[in-house]
$ cat run-v7.cif   # mmCIF, C-alpha atoms
data_data
loop_
_atom_site.label_atom_id
_atom_site.label_comp_id
_atom_site.auth_asym_id
_atom_site.auth_seq_id
_atom_site.Cartn_x
_atom_site.Cartn_y
_atom_site.Cartn_z
CA MET L 1 48.02 -54.34 8.77
CA ASN L 2 51.19 -52.22 8.50
CA GLN L 3 50.91 -48.67 7.20
CA ASN L 4 53.49 -46.41 5.63
CA PRO L 5 54.32 -43.63 8.22
CA SER L 6 54.49 -40.95 5.55
CA PHE L 7 51.11 -42.05 4.20
CA SER L 8 49.52 -41.83 7.69
CA PHE L 9 50.97 -38.38 8.18
CA LYS L 10 49.46 -37.23 4.86
CA LEU L 11 46.03 -38.57 5.86
CA LEU L 12 46.21 -36.73 9.20
CA THR L 13 47.21 -33.50 7.48
CA ILE L 14 44.36 -33.77 4.97
CA GLY L 15 41.86 -34.50 7.73
CA LEU L 16 42.87 -31.51 9.87
CA THR L 17 42.80 -29.24 6.82
CA ALA L 18 39.28 -30.42 5.92
CA LEU L 19 37.99 -29.82 9.47
CA LEU L 20 39.46 -26.30 9.50
CA LEU L 21 37.91 -25.50 6.12
CA LEU L 22 34.49 -26.74 7.27
CA ALA L 23 34.66 -24.58 10.39
CA LEU L 24 35.68 -21.52 8.39
CA LEU L 25 33.00 -22.10 5.73
CA GLY L 26 30.31 -22.47 8.39
CA SER L 27 31.30 -19.19 10.00
CA PHE L 28 31.52 -17.47 6.60
CA ALA L 29 28.11 -18.75 5.45
CA GLY L 30 26.40 -17.61 8.62
CA GLY L 31 28.02 -14.21 8.39
CA VAL L 32 27.06 -13.73 4.72
CA MET L 33 23.46 -14.81 5.33
CA LEU L 34 22.89 -12.45 8.23
CA ALA L 35 25.36 -9.63 7.62
CA PRO L 36 22.83 -7.33 5.85
CA TYR L 37 20.43 -7.65 8.76
CA LEU L 38 23.03 -7.35 11.48
CA SER L 39 24.59 -4.28 9.93
CA ASP L 40 21.32 -2.44 10.57
CA ASN L 41 21.06 -3.70 14.14
CA ALA L 42 24.64 -3.65 15.33
CA GLN L 43 24.01 -0.98 17.94
CA ALA L 44 20.82 -2.57 19.24
CA ALA L 45 22.33 -6.06 19.62
CA PRO L 46 26.13 -6.09 19.17
CA LEU L 47 27.96 -9.33 18.67
CA MET L 48 29.79 -10.61 21.75
CA PRO L 49 33.57 -10.59 21.26
CA VAL L 50 35.30 -13.95 20.98
CA ARG L 51 37.16 -14.74 24.21
CA SER L 52 40.92 -14.83 23.92
CA ASP L 53 41.10 -18.20 25.68
CA LEU L 54 38.96 -19.94 23.01
CA THR L 55 40.82 -22.17 20.63
CA ALA L 56 40.74 -21.63 16.87
CA ALA L 57 38.45 -24.63 16.51
CA THR L 58 35.77 -23.39 18.95
CA ALA L 59 35.82 -19.65 18.06
CA PRO L 60 33.76 -19.91 14.82
CA ALA L 61 31.10 -22.02 16.57
CA ALA L 62 30.75 -19.53 19.42
CA GLN L 63 30.53 -16.63 16.98
CA THR L 64 27.85 -18.43 14.93
CA GLY L 65 25.85 -19.00 18.12
CA ASP L 66 25.96 -15.29 18.89
CA ILE L 67 24.81 -14.46 15.35
CA LEU L 68 21.84 -16.83 15.56
CA ALA L 69 20.86 -15.52 19.00
CA THR L 70 20.92 -11.96 17.67
CA TYR L 71 18.87 -13.00 14.63
CA GLU L 72 16.25 -14.71 16.80
CA GLU L 73 16.01 -11.75 19.14
CA ALA L 74 15.63 -9.35 16.21
CA LEU L 75 12.73 -11.38 14.73
CA SER L 76 11.05 -11.61 18.13
CA GLN L 77 11.39 -7.86 18.66
CA LEU L 78 10.02 -7.13 15.17
CA TYR L 79 6.96 -9.25 15.94
CA GLN L 80 6.36 -7.48 19.27
CA ASN L 81 6.65 -4.08 17.60
CA THR L 82 4.39 -4.90 14.63
CA VAL L 83 1.64 -7.20 15.91
CA PRO L 84 -0.31 -4.33 17.62
CA SER L 85 -0.80 -2.91 14.09
CA VAL L 86 -2.23 -6.16 12.67
CA VAL L 87 -5.86 -7.27 13.01
CA SER L 88 -7.80 -10.44 12.44
CA ILE L 89 -10.88 -9.84 10.30
CA ARG L 90 -14.07 -11.88 10.61
CA VAL L 91 -16.60 -11.43 7.85
CA THR L 92 -20.21 -12.49 7.48
CA GLN L 93 -21.78 -12.63 4.02
CA LYS L 94 -25.51 -13.08 3.51
CA ILE L 95 -26.50 -15.77 1.01
CA GLU L 96 -30.03 -16.22 -0.22
CA ALA L 97 -31.17 -19.73 -1.06
CA ASP L 98 -34.27 -20.34 -3.16
CA THR L 99 -36.35 -22.87 -1.21
CA SER L 100 -38.99 -23.10 -3.90
CA MET L 101 -36.76 -25.72 -5.52
CA PRO L 102 -36.83 -29.31 -4.16
CA ASN L 103 -34.10 -30.10 -1.67
CA PRO L 104 -31.56 -32.36 -3.40
CA PHE L 105 -31.21 -34.43 -0.23
CA GLY L 106 -34.95 -35.10 -0.01
CA PHE L 107 -35.73 -33.24 3.22
CA ASP L 108 -36.49 -29.75 4.53
CA HIS L 109 -34.67 -27.83 7.25
CA PRO L 110 -37.03 -27.75 10.24
CA ASP L 111 -34.11 -26.86 12.53
CA ILE L 112 -33.97 -23.32 11.06
CA PRO L 113 -35.97 -21.09 13.48
CA GLY L 114 -38.93 -19.25 11.98
CA GLN L 115 -39.02 -21.28 8.78
CA ARG L 116 -42.05 -23.39 7.85
CA GLN L 117 -41.38 -26.45 5.77
CA ASP L 118 -43.96 -25.40 3.19
CA GLN L 119 -42.70 -21.82 3.01
CA GLN L 120 -41.73 -20.86 -0.56
CA SER L 121 -39.96 -17.51 0.07
CA PRO L 122 -36.14 -17.36 -0.06
CA ARG L 123 -34.34 -18.26 3.16
CA GLU L 124 -31.30 -16.46 4.48
CA PHE L 125 -28.04 -18.31 4.97
CA PHE L 126 -24.68 -16.91 6.00
CA ASN L 127 -21.13 -17.57 4.91
CA ARG L 128 -18.36 -16.65 7.34
CA GLY L 129 -14.80 -15.93 6.36
CA LEU L 130 -11.49 -14.89 7.87
CA GLY L 131 -8.76 -12.53 6.76
CA THR L 132 -6.11 -10.11 7.96
CA GLY L 133 -5.64 -6.35 7.86
CA PHE L 134 -3.35 -3.67 9.23
CA VAL L 135 -3.79 -0.21 10.72
CA TRP L 136 -3.17 2.51 8.13
CA ASP L 137 -3.55 5.62 10.33
CA THR L 138 -4.78 6.83 13.72
CA GLU L 139 -8.20 7.71 12.28
CA GLY L 140 -9.29 4.09 12.34
CA HIS L 141 -8.63 3.14 8.71
CA ILE L 142 -7.56 -0.46 8.17
CA VAL L 143 -6.30 -1.86 4.87
CA THR L 144 -7.04 -5.39 3.68
CA ASN L 145 -7.79 -7.27 0.45
CA ASN L 146 -10.96 -6.54 -1.48
CA HIS L 147 -11.71 -10.25 -1.70
CA VAL L 148 -11.70 -10.49 2.11
CA VAL L 149 -14.61 -8.06 2.60
CA ALA L 150 -16.40 -8.26 -0.76
CA ASP L 151 -20.20 -8.48 -0.31
CA ALA L 152 -19.80 -8.45 3.48
CA SER L 153 -22.91 -7.80 5.57
CA ASP L 154 -20.95 -7.71 8.82
CA VAL L 155 -17.25 -7.07 9.53
CA GLU L 156 -15.49 -7.46 12.87
CA VAL L 157 -11.82 -6.82 13.64
CA ILE L 158 -9.86 -8.27 16.54
CA PHE L 159 -6.57 -6.81 17.73
CA ALA L 160 -3.73 -8.83 19.25
CA ASP L 161 -4.58 -7.57 22.76
CA GLY L 162 -8.12 -8.94 22.43
CA THR L 163 -9.83 -5.63 21.58
CA SER L 164 -12.63 -6.17 19.09
CA ALA L 165 -14.71 -3.68 17.14
CA LYS L 166 -17.28 -3.58 14.37
CA ALA L 167 -16.02 -2.13 11.10
CA GLU L 168 -17.63 -0.59 8.05
CA VAL L 169 -16.35 -0.96 4.51
CA LEU L 170 -15.44 2.53 3.25
CA GLY L 171 -14.21 1.60 -0.20
CA ALA L 172 -12.93 -1.26 -2.30
CA ASP L 173 -10.93 -1.58 -5.50
CA PRO L 174 -11.19 -4.95 -7.28
CA ASN L 175 -8.48 -3.94 -9.76
CA SER L 176 -5.78 -3.86 -7.07
CA ASP L 177 -7.58 -6.24 -4.69
CA LEU L 178 -7.44 -3.59 -1.96
CA ALA L 179 -10.11 -2.36 0.43
CA VAL L 180 -10.37 0.06 3.35
CA ILE L 181 -12.50 -0.61 6.43
CA LYS L 182 -12.94 1.73 9.39
CA VAL L 183 -13.27 1.17 13.14
CA ASP L 184 -14.39 3.69 15.74
CA LEU L 185 -11.59 3.56 18.29
CA PRO L 186 -9.54 6.27 20.04
CA ALA L 187 -6.37 7.30 18.24
CA SER L 188 -4.37 6.29 21.33
CA GLU L 189 -5.40 2.66 20.76
CA LEU L 190 -4.32 2.61 17.12
CA LYS L 191 -0.75 2.01 16.00
CA PRO L 192 -0.24 2.55 12.25
CA VAL L 193 2.31 0.50 10.36
CA THR L 194 5.43 1.95 8.78
CA LEU L 195 5.19 2.00 4.99
CA GLY L 196 8.20 0.94 2.94
CA ASP L 197 9.07 1.42 -0.74
CA SER L 198 8.22 -1.59 -2.89
CA ASP L 199 10.18 -0.18 -5.84
CA GLN L 200 13.37 -0.78 -3.83
CA VAL L 201 12.62 -4.42 -3.03
CA LYS L 202 15.21 -6.88 -4.33
CA VAL L 203 15.35 -10.64 -4.72
CA GLY L 204 16.93 -12.25 -1.67
CA GLN L 205 15.68 -9.74 0.91
CA LEU L 206 14.26 -11.10 4.14
CA THR L 207 10.44 -11.07 4.33
CA ILE L 208 8.11 -11.52 7.29
CA ALA L 209 4.35 -12.14 7.09
CA ILE L 210 2.00 -11.69 10.04
CA GLY L 211 -1.57 -12.91 9.69
CA ASN L 212 -4.22 -15.43 10.59
CA PRO L 213 -3.68 -18.55 8.46
CA PHE L 214 -6.53 -21.05 8.82
CA GLY L 215 -7.81 -18.95 11.73
CA GLN L 216 -4.58 -19.33 13.73
CA GLU L 217 -4.46 -15.72 14.82
CA PHE L 218 -1.34 -13.54 14.73
CA THR L 219 1.04 -16.07 13.24
CA MET L 220 4.44 -14.95 11.97
CA THR L 221 6.33 -16.64 9.14
CA SER L 222 9.50 -15.61 7.38
CA GLY L 223 11.27 -16.18 4.08
CA ILE L 224 12.82 -14.18 1.30
CA VAL L 225 11.74 -12.20 -1.74
CA SER L 226 11.94 -14.92 -4.39
CA ALA L 227 11.02 -12.69 -7.35
CA VAL L 228 9.85 -9.15 -8.14
CA GLY L 229 7.88 -7.61 -10.98
CA ARG L 230 5.32 -10.39 -11.22
CA THR L 231 2.00 -9.71 -12.95
CA ILE L 232 -0.92 -11.39 -11.17
CA ARG L 233 -4.64 -11.45 -11.79
CA SER L 234 -7.03 -9.96 -9.27
CA GLY L 235 -9.70 -12.52 -8.54
CA ASN L 236 -12.47 -9.92 -8.74
CA SER L 237 -11.30 -8.09 -11.85
CA ALA L 238 -10.54 -8.70 -15.51
CA PHE L 239 -7.35 -6.65 -15.18
CA SER L 240 -3.89 -7.53 -13.89
CA ILE L 241 -1.90 -6.25 -10.93
CA PRO L 242 1.65 -5.29 -11.93
CA LYS L 243 4.87 -5.34 -9.91
CA ALA L 244 3.63 -7.95 -7.44
CA ILE L 245 6.20 -9.29 -4.96
CA GLN L 246 6.78 -13.04 -4.88
CA THR L 247 7.86 -14.59 -1.58
CA ASP L 248 8.43 -18.04 -0.12
CA ALA L 249 7.30 -16.90 3.34
CA SER L 250 4.43 -19.21 4.23
CA ILE L 251 1.11 -17.58 3.26
CA ASN L 252 -2.14 -19.52 3.55
CA PRO L 253 -5.92 -18.85 3.54
CA GLY L 254 -6.50 -16.31 6.30
CA ASN L 255 -3.27 -14.40 5.57
CA SER L 256 -5.04 -12.41 2.84
CA GLY L 257 -4.87 -8.68 3.46
CA GLY L 258 -2.04 -8.91 5.96
CA PRO L 259 1.30 -7.10 5.75
CA LEU L 260 4.44 -8.42 4.11
CA LEU L 261 7.32 -6.78 5.99
CA ASP L 262 10.98 -6.18 5.33
CA ARG L 263 13.67 -6.73 7.94
CA THR L 264 13.07 -3.29 9.49
CA GLY L 265 9.34 -3.97 9.98
CA ALA L 266 8.20 -1.69 7.15
CA VAL L 267 5.31 -2.89 4.97
CA ILE L 268 6.44 -3.66 1.43
CA GLY L 269 3.33 -5.51 0.27
CA ILE L 270 -0.17 -6.74 1.07
CA ASN L 271 -0.39 -10.54 1.00
CA SER L 272 -2.99 -11.44 -1.59
CA GLN L 273 -2.73 -14.91 -3.11
CA ILE L 274 -0.75 -18.09 -3.48
CA LEU L 275 0.11 -20.33 -6.40
CA SER L 276 -1.14 -23.73 -5.36
CA GLY L 277 -3.10 -26.67 -6.67
CA THR L 278 -4.32 -27.63 -3.20
CA GLY L 279 -5.22 -24.28 -1.63
CA ALA L 280 -2.31 -24.54 0.80
CA ASN L 281 1.09 -22.89 0.56
CA ASN L 282 3.74 -24.56 -1.56
CA GLY L 283 6.35 -21.83 -1.41
CA ILE L 284 5.00 -19.31 -3.94
CA GLY L 285 2.96 -16.42 -2.57
CA PHE L 286 2.24 -12.97 -3.98
CA ALA L 287 1.78 -9.57 -2.38
CA VAL L 288 0.31 -6.41 -3.90
CA PRO L 289 3.13 -3.82 -3.81
CA VAL L 290 2.71 -1.21 -1.09
CA ASN L 291 3.37 1.61 -3.57
CA THR L 292 0.13 0.62 -5.31
CA ALA L 293 -1.65 0.92 -1.96
CA LYS L 294 -0.12 4.37 -1.47
CA GLN L 295 -1.85 5.46 -4.68
CA VAL L 296 -5.20 3.71 -4.21
CA VAL L 297 -5.92 3.83 -0.47
CA PRO L 298 -6.23 7.64 -0.03
CA THR L 299 -8.97 7.66 -2.69
CA LEU L 300 -10.81 4.75 -1.04
CA ILE L 301 -10.67 6.54 2.32
CA LYS L 302 -12.61 9.38 0.71
CA GLY L 303 -15.27 6.88 -0.33
CA GLU L 304 -14.44 7.38 -4.00
CA ASP L 305 -13.55 4.89 -6.74
CA TYR L 306 -9.96 4.91 -7.89
CA GLU L 307 -9.83 5.60 -11.65
CA TYR L 308 -7.14 3.92 -13.73
CA ALA L 309 -5.89 5.09 -17.09
CA TRP L 310 -7.03 2.64 -19.77
CA LEU L 311 -5.46 1.77 -23.12
CA GLY L 312 -8.02 -0.81 -24.19
CA ILE L 313 -5.84 -3.66 -25.40
CA SER L 314 -5.15 -7.26 -24.49
CA GLY L 315 -1.83 -8.74 -25.38
CA GLY L 316 1.41 -10.14 -24.08
CA SER L 317 5.17 -9.85 -24.10
CA LEU L 318 6.79 -10.66 -27.42
CA THR L 319 8.42 -14.09 -27.33
CA LEU L 320 11.43 -15.21 -29.33
CA GLU L 321 9.30 -17.71 -31.26
CA VAL L 322 6.71 -15.10 -32.27
CA ALA L 323 9.42 -12.60 -33.21
CA GLU L 324 10.96 -15.18 -35.55
CA LEU L 325 7.60 -16.13 -37.06
CA MET L 326 6.83 -12.43 -37.68
CA LYS L 327 10.33 -11.96 -39.14
CA LEU L 328 11.15 -9.11 -36.78
CA PRO L 329 14.76 -7.92 -36.39
CA GLN L 330 16.80 -9.92 -33.89
CA GLY L 331 16.61 -8.46 -30.38
CA THR L 332 13.22 -6.80 -30.91
CA GLN L 333 11.23 -6.51 -27.67
CA GLY L 334 7.82 -5.14 -26.81
CA VAL L 335 4.14 -5.89 -26.22
CA LEU L 336 2.22 -7.63 -28.98
CA VAL L 337 -1.37 -6.41 -29.34
CA ILE L 338 -3.66 -9.45 -29.57
CA ASP L 339 -7.07 -7.81 -29.28
CA LEU L 340 -8.62 -4.38 -28.77
CA THR L 341 -11.77 -3.23 -27.05
CA GLN L 342 -14.14 -1.90 -29.69
CA ASP L 343 -14.21 1.91 -29.60
CA GLY L 344 -11.58 1.86 -26.85
CA PRO L 345 -8.67 4.35 -26.81
CA ALA L 346 -6.24 2.14 -28.79
CA ASP L 347 -8.95 1.16 -31.28
CA LYS L 348 -9.83 4.80 -31.90
CA ALA L 349 -6.13 5.61 -32.41
CA GLY L 350 -5.91 3.04 -35.19
CA LEU L 351 -3.94 0.21 -33.54
CA VAL L 352 -4.65 -3.29 -34.81
CA GLY L 353 -4.72 -6.66 -33.12
CA SER L 354 -3.77 -10.14 -34.22
CA ASP L 355 -5.51 -11.31 -37.38
CA LYS L 356 -4.15 -14.84 -37.73
CA THR L 357 -2.89 -17.86 -35.85
CA LEU L 358 -0.15 -20.29 -36.76
CA THR L 359 0.39 -23.75 -35.27
CA VAL L 360 3.99 -24.97 -35.08
CA ASP L 361 4.87 -28.31 -33.49
CA GLY L 362 1.47 -28.39 -31.84
CA GLU L 363 1.84 -24.90 -30.36
CA GLU L 364 -0.57 -22.17 -31.47
CA TYR L 365 0.75 -18.63 -31.91
CA GLN L 366 -1.16 -15.35 -32.36
CA LEU L 367 0.44 -13.26 -35.11
CA GLY L 368 -0.13 -10.07 -37.02
CA GLY L 369 -0.86 -7.46 -34.37
CA ASP L 370 0.90 -4.16 -33.72
CA LEU L 371 3.98 -4.31 -31.49
CA ILE L 372 4.33 -1.55 -28.85
CA THR L 373 8.02 -0.91 -28.20
CA ALA L 374 7.91 2.32 -26.16
CA ILE L 375 5.54 4.69 -24.37
CA ASN L 376 6.41 8.39 -24.13
CA GLY L 377 9.95 7.51 -25.17
CA GLN L 378 10.45 4.86 -22.47
CA PRO L 379 11.30 1.45 -23.95
CA ILE L 380 8.81 -1.31 -23.17
CA ARG L 381 10.17 -4.84 -23.06
CA GLU L 382 7.19 -6.70 -21.59
CA MET L 383 3.55 -6.36 -20.64
CA ASP L 384 4.26 -5.78 -16.95
CA GLU L 385 6.27 -2.66 -17.79
CA LEU L 386 3.43 -1.24 -19.90
CA ILE L 387 0.83 -1.87 -17.19
CA GLY L 388 3.14 -0.44 -14.52
CA TYR L 389 3.81 2.70 -16.53
CA LEU L 390 0.09 3.32 -17.09
CA LEU L 391 -0.62 2.78 -13.38
CA GLU L 392 2.15 4.95 -11.97
CA LYS L 393 2.64 7.72 -14.52
CA THR L 394 -0.64 8.36 -16.31
CA HIS L 395 -4.23 9.39 -15.58
CA PRO L 396 -7.47 9.16 -17.56
CA GLY L 397 -7.51 11.85 -20.23
CA ASP L 398 -3.73 11.91 -20.69
CA THR L 399 -2.36 11.60 -24.22
CA VAL L 400 0.56 9.21 -24.60
CA GLN L 401 2.90 8.55 -27.51
CA LEU L 402 3.30 4.88 -28.45
CA ASP L 403 6.17 3.70 -30.63
CA VAL L 404 4.67 0.93 -32.73
CA ILE L 405 5.90 -1.59 -35.30
CA HIS L 406 3.01 -2.46 -37.61
CA PRO L 407 2.53 -5.98 -39.06
CA ASP L 408 4.02 -4.82 -42.38
CA GLY L 409 7.23 -3.78 -40.59
CA GLN L 410 6.58 -0.03 -40.78
CA GLN L 411 7.35 1.96 -37.62
CA GLU L 412 5.15 4.80 -36.37
CA THR L 413 4.58 6.91 -33.28
CA VAL L 414 0.86 6.88 -32.47
CA SER L 415 -0.93 9.34 -30.16
CA VAL L 416 -3.50 7.73 -27.86
CA THR L 417 -5.80 9.58 -25.46
CA LEU L 418 -6.29 7.30 -22.46
CA GLY L 419 -9.75 6.52 -21.12
CA VAL L 420 -11.08 5.37 -17.74
CA ARG L 421 -10.71 1.67 -17.06
CA PRO L 422 -14.22 0.18 -17.20
CA SER L 423 -15.73 -2.15 -14.62
CA ALA L 424 -16.04 -5.87 -15.28
CA GLU L 425 -19.78 -5.41 -15.80
CA ASP L 426 -19.19 -2.72 -18.41
CA LEU L 427 -16.70 -4.91 -20.25
CA ILE L 428 -19.14 -7.80 -20.35
CA GLN L 429 -21.91 -5.52 -21.57
CA SER L 430 -19.74 -4.02 -24.32
CA SER L 431 -18.68 -7.48 -25.50
CA VAL L 432 -22.34 -8.52 -25.70
CA GLU L 433 -23.28 -5.43 -27.66
#

$ encode --input "run-v7.cif" --output "structure tokens"
Amino acid sequence: MNQNPSFSFKLLTIGLTALLLLALLGSFAGGVMLAPYLSDNAQAAPLMPVRSDLTAATAPAAQTGDILATYEEALSQLYQNTVPSVVSIRVTQKIEADTSMPNPFGFDHPDIPGQRQDQQSPREFFNRGLGTGFVWDTEGHIVTNNHVVADASDVEVIFADGTSAKAEVLGADPNSDLAVIKVDLPASELKPVTLGDSDQVKVGQLTIAIGNPFGQEFTMTSGIVSAVGRTIRSGNSAFSIPKAIQTDASINPGNSGGPLLDRTGAVIGINSQILSGTGANNGIGFAVPVNTAKQVVPTLIKGEDYEYAWLGISGGSLTLEVAELMKLPQGTQGVLVIDLTQDGPADKAGLVGSDKTLTVDGEEYQLGGDLITAINGQPIREMDELIGYLLEKTHPGDTVQLDVIHPDGQQETVSVTLGVRPSAEDLIQSSVE
């Protein structure tokens, strides 16, 4: 088939232009993705210069190869530097089973030494679990999650070089899901981590997790910070953990208590939980911010309980739908008080909770409570900000000024003297009474 020469020339020109654009875009994308990391490591691993005899077509590919090699080497070096500070934690928990009840399978357990089949006293069984921790200081203190060592009768830590040691639980804080255990080892054998600043963490930053997922010891995974400022629930507490870091770095059972690192190897969070319907990672994991650990851990090391300031409310961020239903001015933001603890600080100060519900299009809304718009003059847009402010800037016994919009639309500044956050047992008891 005959072709028009000018048409063929145009096709050739378009094709060469497309190839050049693809090469340039590939080089640009690689440089943008890794430039923040490489800028911090330029002296340690400089990029090789492009040879003068390379053609324009091969230069971007060679440069991309150098970038990837530098990136791989940097990750490998970070792992080698950090893994001596990470430990695998093996926990034994004693469980008592009441053998006075018939066995549901219709037989006894004669294979358990020292147990007679007709014996009616409780038998001892043991549950064994795995987790991760990291060295906090040269005095043998190791930080992990509270849920890793809760109710532990025996705790053992294993270092990456094979060193193992028994550990004792010094203190635990269910509210932040943090705990401190201690090993008796020489300071020369302990390499503390470097602590970062979780308040400076931004979406898109590189993250690295080192831990023991499913018992696969000292595994490293990487990803990015996919969100910041998340509020998560601690599994052992009725209260929430503010400012949690969300990451897509693979975190699985066994990673709990391990460090979440930034690109320099500094700890920015303590891996705590995942959002999953199967128990395995699906790309959404959460870490307790390291700045929370900086506040809580020193108290736990002393063997004392960390005391949180307590307002005594339950509520949530004001939504657009609720604001419209309550006929609030457009753009109003704050925390809507849904319920108050009887005789708690907010209750004593005269705040009120929701007193009615309204169902619209099948959706039920809580209405009628006070709306907190600021604390000590600092605007509050959502619940996470209120919890974070109380955690970082207040102590039990402090008096704070809350700017409140009452259900009738009147605005008032209310003084509230903060209490001590009660335990879960105390909350249950007070609700019963």

$ closest_residue --input "run-v7.cif" --among "L:Ala244, L:Leu206, L:Ala346, L:Ile270" --to "Phe134 of chain L" --atoms "all atoms listed in the file"
L:Ile270

$ closest_residue --input "run-v7.cif" --among "L:Ile274, L:Val201, L:Leu336, L:Val149" --to "Pro289 of chain L" --atoms "all atoms listed in the file"
L:Val201

$ closest_residue --input "run-v7.cif" --among "L:Asn212, L:Thr264, L:Ser198, L:Ser226" --to "Lys243 of chain L" --atoms "all atoms listed in the file"
L:Ser198

$ closest_residue --input "run-v7.cif" --among "L:Asp248, L:Asp305, L:Asp355, L:Asp262" --to "Gly171 of chain L" --atoms "all atoms listed in the file"
L:Asp305

$ resolve_selection --input "run-v7.cif" --expression "the PyMOL selection byres ((chain L and resi 381) around 6)" --output "PDB file with C-alpha atoms, in the coordinates of the input"
ATOM      1  CA  GLN L 333      11.230  -6.510 -27.670  1.00  0.00           C
ATOM      2  CA  GLY L 334       7.820  -5.140 -26.810  1.00  0.00           C
ATOM      3  CA  ILE L 380       8.810  -1.310 -23.170  1.00  0.00           C
ATOM      4  CA  GLU L 382       7.190  -6.700 -21.590  1.00  0.00           C
TER       5      GLU L 382
END

$ residues_around --input "run-v7.cif" --residues "Thr399 of chain L" --least-positions-apart "2" --cutoff "10 Å" --atoms "only C-alpha atoms" --output "ChimeraX atom specification"
/L:345,376,394-397,401-402,415-419

$ atom_distance --input "run-v7.cif" --atom1 "atom CA of Gly204 of chain L" --atom2 "atom CA of Gly254 of chain L"
25.1 Å

$ closest_residue --input "run-v7.cif" --among "L:Asp177, L:Asp161, L:Asp199, L:Glu73" --to "Tyr306 of chain L" --atoms "all atoms listed in the file"
L:Asp177

$ atom_distance --input "run-v7.cif" --atom1 "atom CA of Pro84 of chain L" --atom2 "atom CA of Val183 of chain L"
14.8 Å

$ resolve_selection --input "run-v7.cif" --expression "the PyMOL selection byres ((chain L and resi 142-145) around 7)" --output "PyMOL selection string"
chain L and resi 132-136+140-141+146-148+177-182+256-258+272

$ residues_around --input "run-v7.cif" --residues "Leu325 of chain L" --least-positions-apart "4" --cutoff "9 Å" --atoms "all atoms listed in the file" --output "count of residues only"
5

$ residues_near_point --input "run-v7.cif" --point "(-7.3, -2.5, -26.8)" --cutoff "9 Å" --atoms "all atoms listed in the file" --output "PyMOL selection string"
chain L and resi 310-315+337-347+351-353

$ atom_distance --input "run-v7.cif" --atom1 "atom CA of Val87 of chain L" --atom2 "atom CA of Ala69 of chain L"
28.6 Å

$ closest_residue --input "run-v7.cif" --among "L:Val91, L:Leu275, L:Leu300, L:Ile375" --to "Thr413 of chain L" --atoms "all atoms listed in the file"
L:Ile375

$ resolve_selection --input "run-v7.cif" --expression "the PyMOL selection byres ((chain L and resi 215) around 9)" --output "PyMOL selection string"
chain L and resi 88+130-131+211-214+216-218+253-255

$ residues_around --input "run-v7.cif" --residues "Leu261 of chain L" --least-positions-apart "6" --cutoff "6 Å" --atoms "all atoms listed in the file" --output "PyMOL selection string"
chain L and resi 207-208+267-268

$ closest_atom_pairs --input "run-v7.cif" --of "segment 361-400 of chain L" --to "segment 228-238 of chain L" --cutoff "10 Å" --atoms "all atoms listed in the file" --output "Markdown table"
| residue | atom | partner | partner_atom | distance |
| --- | --- | --- | --- | --- |
| L:Met383 | CA | L:Thr231 | CA | 8.5 |
| L:Asp384 | CA | L:Thr231 | CA | 6.0 |
| L:Glu385 | CA | L:Gly229 | CA | 8.6 |
| L:Ile387 | CA | L:Thr231 | CA | 9.0 |
| L:Gly388 | CA | L:Gly229 | CA | 9.3 |

$ build_atoms --input "run-v7.cif" --residues "segment 314-323 of chain L" --atoms "N, CA and C atoms" --output "compact mmCIF listing (two decimals), in the coordinates of the input"
# COMPACT_ATOMS: atom_id res chain seq x y z
N SER L 314 -5.62 -6.05 -25.15
CA SER L 314 -5.15 -7.26 -24.49
C SER L 314 -4.00 -7.79 -25.32
N GLY L 315 -3.01 -8.29 -24.65
CA GLY L 315 -1.83 -8.74 -25.38
C GLY L 315 -0.85 -9.42 -24.46
N GLY L 316 0.39 -9.49 -24.88
CA GLY L 316 1.41 -10.14 -24.08
C GLY L 316 2.79 -9.76 -24.55
N SER L 317 3.78 -10.14 -23.75
CA SER L 317 5.17 -9.85 -24.10
C SER L 317 5.57 -10.64 -25.34
N LEU L 318 6.33 -10.00 -26.21
CA LEU L 318 6.79 -10.66 -27.42
C LEU L 318 7.78 -11.77 -27.08
N THR L 319 7.51 -12.97 -27.56
CA THR L 319 8.42 -14.09 -27.33
C THR L 319 9.37 -14.25 -28.51
N LEU L 320 10.44 -14.98 -28.28
CA LEU L 320 11.43 -15.21 -29.33
C LEU L 320 10.80 -15.95 -30.50
N GLU L 321 9.93 -16.94 -30.20
CA GLU L 321 9.30 -17.71 -31.26
C GLU L 321 8.42 -16.84 -32.15
N VAL L 322 7.61 -15.98 -31.51
CA VAL L 322 6.71 -15.10 -32.27
C VAL L 322 7.52 -14.09 -33.08
N ALA L 323 8.58 -13.56 -32.49
CA ALA L 323 9.42 -12.60 -33.21
C ALA L 323 10.00 -13.23 -34.47
